[in-house]
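Participant: My structure is in run17.pdb, and what it holds is PDB, C-alpha atoms and all ligand atoms:
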```pdb
ATOM      1  CA  MET A 586     124.766 184.685  64.318
ATOM      2  CA  ARG A 587     125.589 181.159  65.536
ATOM      3  CA  LYS A 588     129.336 181.945  65.472
ATOM      4  CA  LYS A 589     128.670 185.069  67.489
ATOM      5  CA  GLY A 590     126.679 183.059  70.049
ATOM      6  CA  ILE A 591     129.546 180.606  70.526
ATOM      7  CA  ALA A 592     132.056 183.461  70.853
ATOM      8  CA  VAL A 593     129.890 185.234  73.419
ATOM      9  CA  TRP A 594     129.459 182.016  75.383
ATOM     10  CA  LEU A 595     133.258 181.306  75.311
ATOM     11  CA  PHE A 596     134.289 184.808  76.359
ATOM     12  CA  THR A 597     131.624 184.957  79.063
ATOM     13  CA  THR A 598     133.010 181.714  80.502
ATOM     14  CA  LEU A 599     136.576 183.008  80.319
ATOM     15  CA  THR A 600     135.465 186.282  81.934
ATOM     16  CA  PHE A 601     133.704 184.307  84.678
ATOM     17  CA  ILE A 602     136.829 182.182  85.346
ATOM     18  CA  SER A 603     138.970 185.320  85.341
ATOM     19  CA  LEU A 604     136.493 186.923  87.774
ATOM     20  CA  ILE A 605     136.772 183.975  90.140
ATOM     21  CA  HIS A 606     140.585 184.352  90.023
ATOM     22  CA  LEU A 607     140.204 188.076  90.640
ATOM     23  CA  ILE A 608     138.046 187.416  93.695
ATOM     24  CA  GLU A 609     140.665 184.968  95.026
ATOM     25  CA  ALA A 610     143.421 187.454  94.274
ATOM     26  CA  LEU A 611     141.484 190.132  96.129
ATOM     27  CA  SER A 612     140.991 187.856  99.135
ATOM     28  CA  ALA A 613     144.708 186.929  99.045
ATOM     29  CA  PHE A 614     145.707 190.579  98.678
ATOM     30  CA  LEU A 615     143.332 191.988 101.281
ATOM     31  CA  PHE A 616     143.063 189.150 103.794
ATOM     32  CA  ASN A 617     146.272 187.299 102.992
ATOM     33  CA  ASN A 618     144.310 184.126 102.253
ATOM     34  CA  PRO A 619     146.111 181.233 100.544
ATOM     35  CA  ILE A 620     145.979 181.029  96.720
ATOM     36  CA  ARG A 621     144.515 177.637  95.843
ATOM     37  CA  LEU A 622     143.067 177.986  92.293
ATOM     38  CA  LEU A 623     146.426 178.372  90.567
ATOM     39  CA  ALA A 624     147.403 174.914  91.805
ATOM     40  CA  LEU A 625     144.646 173.475  89.549
ATOM     41  CA  TYR A 626     146.483 174.323  86.294
ATOM     42  CA  PRO A 627     148.641 171.454  85.049
ATOM     43  CA  PHE A 628     152.299 171.827  83.993
ATOM     44  CA  ILE A 629     152.624 175.503  85.033
ATOM     45  CA  ASN A 630     151.096 175.298  88.528
ATOM     46  CA  GLN A 631     154.543 175.437  90.166
ATOM     47  CA  GLN A 632     155.429 178.688  88.429
ATOM     48  CA  LEU A 633     151.953 180.176  89.002
ATOM     49  CA  GLN A 634     152.059 179.491  92.715
ATOM     50  CA  GLN A 635     155.235 181.542  93.020
ATOM     51  CA  LEU A 636     153.325 184.688  91.943
ATOM     52  CA  SER A 637     152.827 187.321  94.629
ATOM     53  CA  ALA A 638     149.303 188.309  95.642
ATOM     54  CA  THR A 639     149.802 191.767  94.114
ATOM     55  CA  THR A 640     150.906 190.423  90.727
ATOM     56  CA  TYR A 641     148.085 187.860  90.813
ATOM     57  CA  LEU A 642     145.604 190.647  91.512
ATOM     58  CA  ALA A 643     147.018 192.855  88.743
ATOM     59  CA  ILE A 644     146.987 190.049  86.160
ATOM     60  CA  THR A 645     143.469 188.841  87.068
ATOM     61  CA  ALA A 646     142.098 192.414  87.142
ATOM     62  CA  ALA A 647     143.577 193.116  83.723
ATOM     63  CA  SER A 648     142.459 189.804  82.218
ATOM     64  CA  THR A 649     138.960 190.195  83.653
ATOM     65  CA  ALA A 650     138.684 193.698  82.262
ATOM     66  CA  ILE A 651     140.009 192.663  78.835
ATOM     67  CA  LEU A 652     137.836 189.525  78.630
ATOM     68  CA  TRP A 653     134.780 191.468  79.769
ATOM     69  CA  GLY A 654     135.486 194.094  77.152
ATOM     70  CA  ILE A 655     135.910 191.493  74.409
ATOM     71  CA  THR A 656     132.669 189.792  75.510
ATOM     72  CA  CYS A 657     130.839 193.111  75.358
ATOM     73  CA  VAL A 658     132.276 193.973  71.920
ATOM     74  CA  ILE A 659     131.283 190.555  70.544
ATOM     75  CA  ALA A 660     127.874 190.515  72.257
ATOM     76  CA  PHE A 661     126.833 193.973  71.159
ATOM     77  CA  ASP A 662     128.845 193.901  67.939
ATOM     78  CA  ASN A 663     128.306 197.512  66.983
ATOM     79  CA  PRO A 664     124.578 197.657  67.646
ATOM     80  CA  VAL A 665     124.178 200.949  65.736
ATOM     81  CA  GLU A 666     125.600 199.373  62.604
ATOM     82  CA  THR A 667     123.410 196.304  63.094
ATOM     83  CA  PHE A 668     120.386 198.571  63.509
ATOM     84  CA  LEU A 669     121.280 200.593  60.426
ATOM     85  CA  ASN A 670     121.905 197.392  58.458
ATOM     86  CA  LYS A 671     118.503 196.110  59.480
ATOM     87  CA  ILE A 672     116.841 199.360  58.413
ATOM     88  CA  LEU A 673     118.772 199.255  55.146
ATOM     89  CA  SER A 674     117.828 195.644  54.453
ATOM     90  CA  ASP A 675     114.193 196.408  55.330
ATOM     91  CA  ALA A 676     114.265 199.373  52.976
ATOM     92  CA  LYS A 677     115.818 197.209  50.263
ATOM     93  CA  GLN A 678     113.160 194.566  50.793
ATOM     94  CA  GLN A 679     110.446 197.221  50.657
ATOM     95  CA  ALA A 680     111.970 198.641  47.488
ATOM     96  CA  ALA A 681     112.088 195.161  45.990
ATOM     97  CA  THR A 682     108.433 194.617  46.916
ATOM     98  CA  ASP A 683     107.512 198.006  45.453
ATOM     99  CA  THR A 684     109.443 197.223  42.297
ATOM    100  CA  GLN A 685     107.665 193.884  42.064
ATOM    101  CA  ILE A 686     104.286 195.587  42.495
ATOM    102  CA  ILE A 687     105.192 198.201  39.908
ATOM    103  CA  GLU A 688     106.392 195.476  37.552
ATOM    104  CA  SER A 689     103.174 193.498  37.960
ATOM    105  CA  LYS A 690     101.198 196.725  37.440
ATOM    106  CA  GLY A 691     103.460 197.374  34.485
ATOM    107  CA  ASP A 692     102.272 194.144  32.942
ATOM    108  CA  LEU A 693      98.721 195.293  33.516
ATOM    109  CA  PHE A 694      99.517 198.668  31.939
ATOM    110  CA  GLU A 695     101.109 196.816  29.050
ATOM    111  CA  VAL A 696      97.934 194.778  28.560
ATOM    112  CA  MET A 697      95.800 197.930  28.855
ATOM    113  CA  TYR A 698      98.013 199.726  26.365
ATOM    114  CA  GLU A 699      97.814 196.789  23.968
ATOM    115  CA  THR A 700      94.025 196.678  24.331
ATOM    116  CA  VAL A 701      93.733 200.409  23.730
ATOM    117  CA  ASP A 702      96.146 200.079  20.843
ATOM    118  CA  SER A 703      94.167 197.232  19.273
ATOM    119  CA  ASN A 704      90.949 199.186  19.864
ATOM    120  CA  THR A 705      92.537 202.174  18.175
ATOM    121  CA  GLU A 706      93.544 199.889  15.335
ATOM    122  CA  THR A 707      89.998 198.519  15.096
ATOM    123  CA  LEU A 708      88.630 202.060  15.174
ATOM    124  CA  ALA A 709      91.055 203.054  12.458
ATOM    125  CA  GLN A 710      89.915 200.072  10.395
ATOM    126  CA  ILE A 711      86.255 200.991  10.959
ATOM    127  CA  LYS A 712      87.078 204.571   9.971
ATOM    128  CA  ASP A 713      88.708 203.307   6.801
ATOM    129  CA  ILE A 714      85.685 201.152   6.015
ATOM    130  CA  ILE A 715      83.326 204.090   6.619
ATOM    131  CA  ARG A 716      85.511 206.303   4.428
ATOM    132  CA  ASN A 717      85.407 203.693   1.661
ATOM    133  CA  ILE A 718      81.651 203.322   2.000
ATOM    134  CA  ARG A 719      81.280 207.091   1.824
ATOM    135  CA  ALA A 720      83.428 207.221  -1.280
ATOM    136  CA  GLU A 721      81.389 204.423  -2.841
ATOM    137  CA  VAL A 722      78.146 206.182  -1.932
ATOM    138  CA  LYS A 723      79.512 209.319  -3.560
ATOM    139  CA  ASP A 724      80.314 207.238  -6.623
ATOM    140  CA  ILE A 725      76.895 205.631  -6.514
ATOM    141  CA  GLU A 726      75.023 208.928  -6.134
ATOM    142  CA  PRO A 727      75.683 210.130  -9.692
ATOM    143  CA  ILE A 728      74.697 206.686 -10.938
ATOM    144  CA  LYS A 729      71.542 206.930  -8.892
ATOM    145  CA  ALA A 730      70.856 210.371 -10.332
ATOM    146  CA  THR A 731      71.533 209.073 -13.808
ATOM    147  CA  MET A 732      69.252 206.116 -13.167
ATOM    148  CA  GLU A 733      66.579 208.443 -11.843
ATOM    149  CA  LYS A 734      66.987 210.629 -14.887
ATOM    150  CA  THR A 735      66.905 207.608 -17.152
ATOM    151  CA  ARG A 736      63.804 206.366 -15.414
ATOM    152  CA  THR A 737      62.123 209.746 -15.813
ATOM    153  CA  GLU A 738      63.202 209.838 -19.411
ATOM    154  CA  LEU A 739      61.989 206.296 -19.897
ATOM    155  CA  SER A 740      58.637 207.072 -18.353
ATOM    156  CA  SER A 741      58.296 210.208 -20.483
ATOM    157  CA  LEU A 742      59.361 208.161 -23.469
ATOM    158  CA  LYS A 743      56.789 205.571 -22.534
ATOM    159  CA  LYS A 744      54.162 208.298 -22.363
ATOM    160  CA  GLN A 745      55.266 209.627 -25.690
ATOM    161  CA  ILE A 746      55.146 206.162 -27.173
ATOM    162  CA  GLN A 747      51.716 205.704 -25.688
ATOM    163  CA  THR A 748      50.641 209.036 -27.121
ATOM    164  CA  ILE A 749      52.079 208.106 -30.486
ATOM    165  CA  GLU A 750      50.421 204.697 -30.293
ATOM    166  CA  GLU A 751      47.149 206.318 -29.391
ATOM    167  CA  LYS A 752      47.610 208.888 -32.088
ATOM    168  CA  ILE A 753      48.340 206.172 -34.578
ATOM    169  CA  LEU A 754      45.434 204.103 -33.360
ATOM    170  CA  PHE A 755      42.960 206.928 -33.319
ATOM    171  CA  ALA A 756      44.293 208.671 -36.365
ATOM    172  CA  ASN A 757      44.340 205.510 -38.387
ATOM    173  CA  ILE A 758      41.332 204.441 -40.155
ATOM    174  CA  LEU A 759      40.335 201.014 -41.273
ATOM    175  CA  CYS A 760      39.295 199.922 -44.663
ATOM    176  CA  PRO A 761      35.553 199.278 -44.538
ATOM    177  CA  THR A 762      35.941 196.306 -46.823
ATOM    178  CA  CYS A 763      38.969 194.414 -45.582
ATOM    179  CA  GLU A 764      39.277 196.166 -42.120
ATOM    180  CA  LYS A 765      43.040 196.656 -42.434
ATOM    181  CA  PRO A 766      44.606 199.845 -40.945
ATOM    182  CA  LEU A 767      45.179 202.613 -43.367
ATOM    183  CA  GLN A 768      46.937 205.986 -43.425
ATOM    184  CA  PRO A 769      44.468 208.833 -43.404
ATOM    185  CA  ASP A 770      45.776 210.223 -46.668
ATOM    186  CA  PHE A 771      45.223 206.986 -48.508
ATOM    187  CA  HIS A 772      42.669 207.236 -51.271
ATOM    188  CA  ILE A 773      42.715 203.604 -52.255
ATOM    189  CA  CYS A 774      43.177 200.663 -49.896
ATOM    190  CA  PRO A 775      46.501 198.991 -50.754
ATOM    191  CA  TYR A 776      45.176 195.668 -49.536
ATOM    192  CA  CYS A 777      41.912 195.304 -51.369
ATOM    193  CA  GLY A 778      41.835 198.261 -53.773
ATOM    194  CA  GLU A 779      38.662 199.781 -52.286
ATOM    195  CA  ASN A 780      38.178 203.379 -53.335
ATOM    196  CA  LEU A 781      38.168 205.115 -49.989
ATOM    197  CA  LYS A 782      37.092 208.535 -51.297
ATOM    198  CA  ILE A 783      33.890 207.075 -52.619
ATOM    199  CA  SER A 784      33.248 204.875 -49.592
ATOM    200  CA  LYS A 785      30.930 206.625 -47.166
ATOM    201  CA  SER A 786      31.339 204.198 -44.346
ATOM    202  CA  ILE A 787      34.976 204.950 -43.312
ATOM    203  CA  MET A 788      35.516 203.541 -39.881
ATOM    204  CA  THR A 789      37.863 204.943 -37.317
ATOM    205  CA  VAL A 790      39.463 202.647 -34.749
ATOM    206  CA  LYS A 791      37.269 204.294 -32.150
ATOM    207  CA  ASP A 792      34.183 203.368 -34.052
ATOM    208  CA  TYR A 793      35.461 199.898 -34.638
ATOM    209  CA  LYS A 794      36.022 199.356 -30.974
TER     210      LYS A 794
HETATM  211 ZN    ZN A 801      40.562 197.304 -48.071
END
```
Can the structure in the file be given as structure tokens, please?
Ligand SMILES: [Zn+2]
Facilitator:
Amino acid sequence: MRKKGIAVWLFTTLTFISLIHLIEALSAFLFNNPIRLLALYPFINQQLQQLSATTYLAITAASTAILWGITCVIAFDNPVETFLNKILSDAKQQAATDTQIIESKGDLFEVMYETVDSNTETLAQIKDIIRNIRAEVKDIEPIKATMEKTRTELSSLKKQIQTIEEKILFANILCPTCEKPLQPDFHICPYCGENLKISKSIMTVKDYK
């Protein structure tokens, strides 16, 4: 851009100088005025001053046109291309920005995915735990049933024992002499030798109590 500025400035100056020469050439050609500017150039001023007004005009016209053209070409330097380049670079920048946004969002998505993934993992673990608990409960249930059954059996057994105990207690009789428990079919007390058949005062446990 700086190079272009210098070039434009240089060629504008050259065009301006050429234009001044062209004006002088025109005045010399049209009004036969003397040519003074060519005397300013060192070394070649003698040769330049020998040029005819027509040649001077032709050369200055051509040089002015060429220099003006070059100045224009440099100054406007294919404006369409410049414009397109600008659009292209803007588009590229926009694309880069979009990509950056997408990438940053991508990170977010990554984090979200990881979170969901870890949650899924946790859920899976919880599921596993629940499954295990269920299995254990299923295992425990028969034990529970067995325990319940055992308890029922135990309680019925207890009742039976109680009944038997009661039976024994109430069925048994005591020796009226030594007061030891005796079987009902005993005729003689094995402890003291009392003849139970003769004894009229046979006591039952109930009576004793
Ligand atoms: Zn006895």
Participant: Residues up to 12 Å from ligand ZN 801 (chain A), counting all atoms listed in the file: could you list those as a PyMOL selection string?
Facilitator: chain A and resi 758-768+771-781+784+787-788
Participant: To one decimal place in Å, what is the distance between atom CA of Ala650 of chain A and atom CA of Ala592 of chain A?
Facilitator: 16.7 Å
Participant: Please measure the separation of atom CA of Thr656 of chain A and atom CA of Phe596 of chain A, giving the value in Å to one decimal.
Facilitator: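 For atom CA of Thr656 of chain A relative to atom CA of Phe596 of chain A, the distance reads 5.3 Å.
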Participant: So how far away is atom CA of Trp653 of chain A from atom CA of Ile608 of chain A, in Å?
Facilitator: 14.9 Å
Participant: Using all atoms listed in the file, find the one residue out of A:Ala610, A:Val722, A:Ala646, A:Val593 that sits nearest to Val658 of chain A.
Facilitator: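 Ranked by minimum distance to Val658 of chain A, first place goes to A:Val593.
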Participant: Using all atoms of segment 701-711 of chain A listed in the file and a margin of 6 Å per side, can you give the axis-aligned box centre and edge lengths in Å to one decimal, as lines of an AutoDock Vina configuration file?
Facilitator:
```
center_x = 91.2
center_y = 200.1
center_z = 17.1
size_x = 21.9
size_y = 17.8
size_z = 25.3
```
Participant: At a cut-off of 9 Å, using only C-alpha atoms, what residues contact Pro619 of chain A? Leave out same-chain residues fewer than 5 positions from it and give the result as a PDB file with C-alpha atoms, in the frame of the given file.
Facilitator:
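Below is the file that was written, selection.pdb:
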```pdb
ATOM      1  CA  GLU A 609     140.665 184.968  95.026  1.00  0.00           C
ATOM      2  CA  SER A 612     140.991 187.856  99.135  1.00  0.00           C
ATOM      3  CA  ALA A 613     144.708 186.929  99.045  1.00  0.00           C
TER       4      ALA A 613
END
```
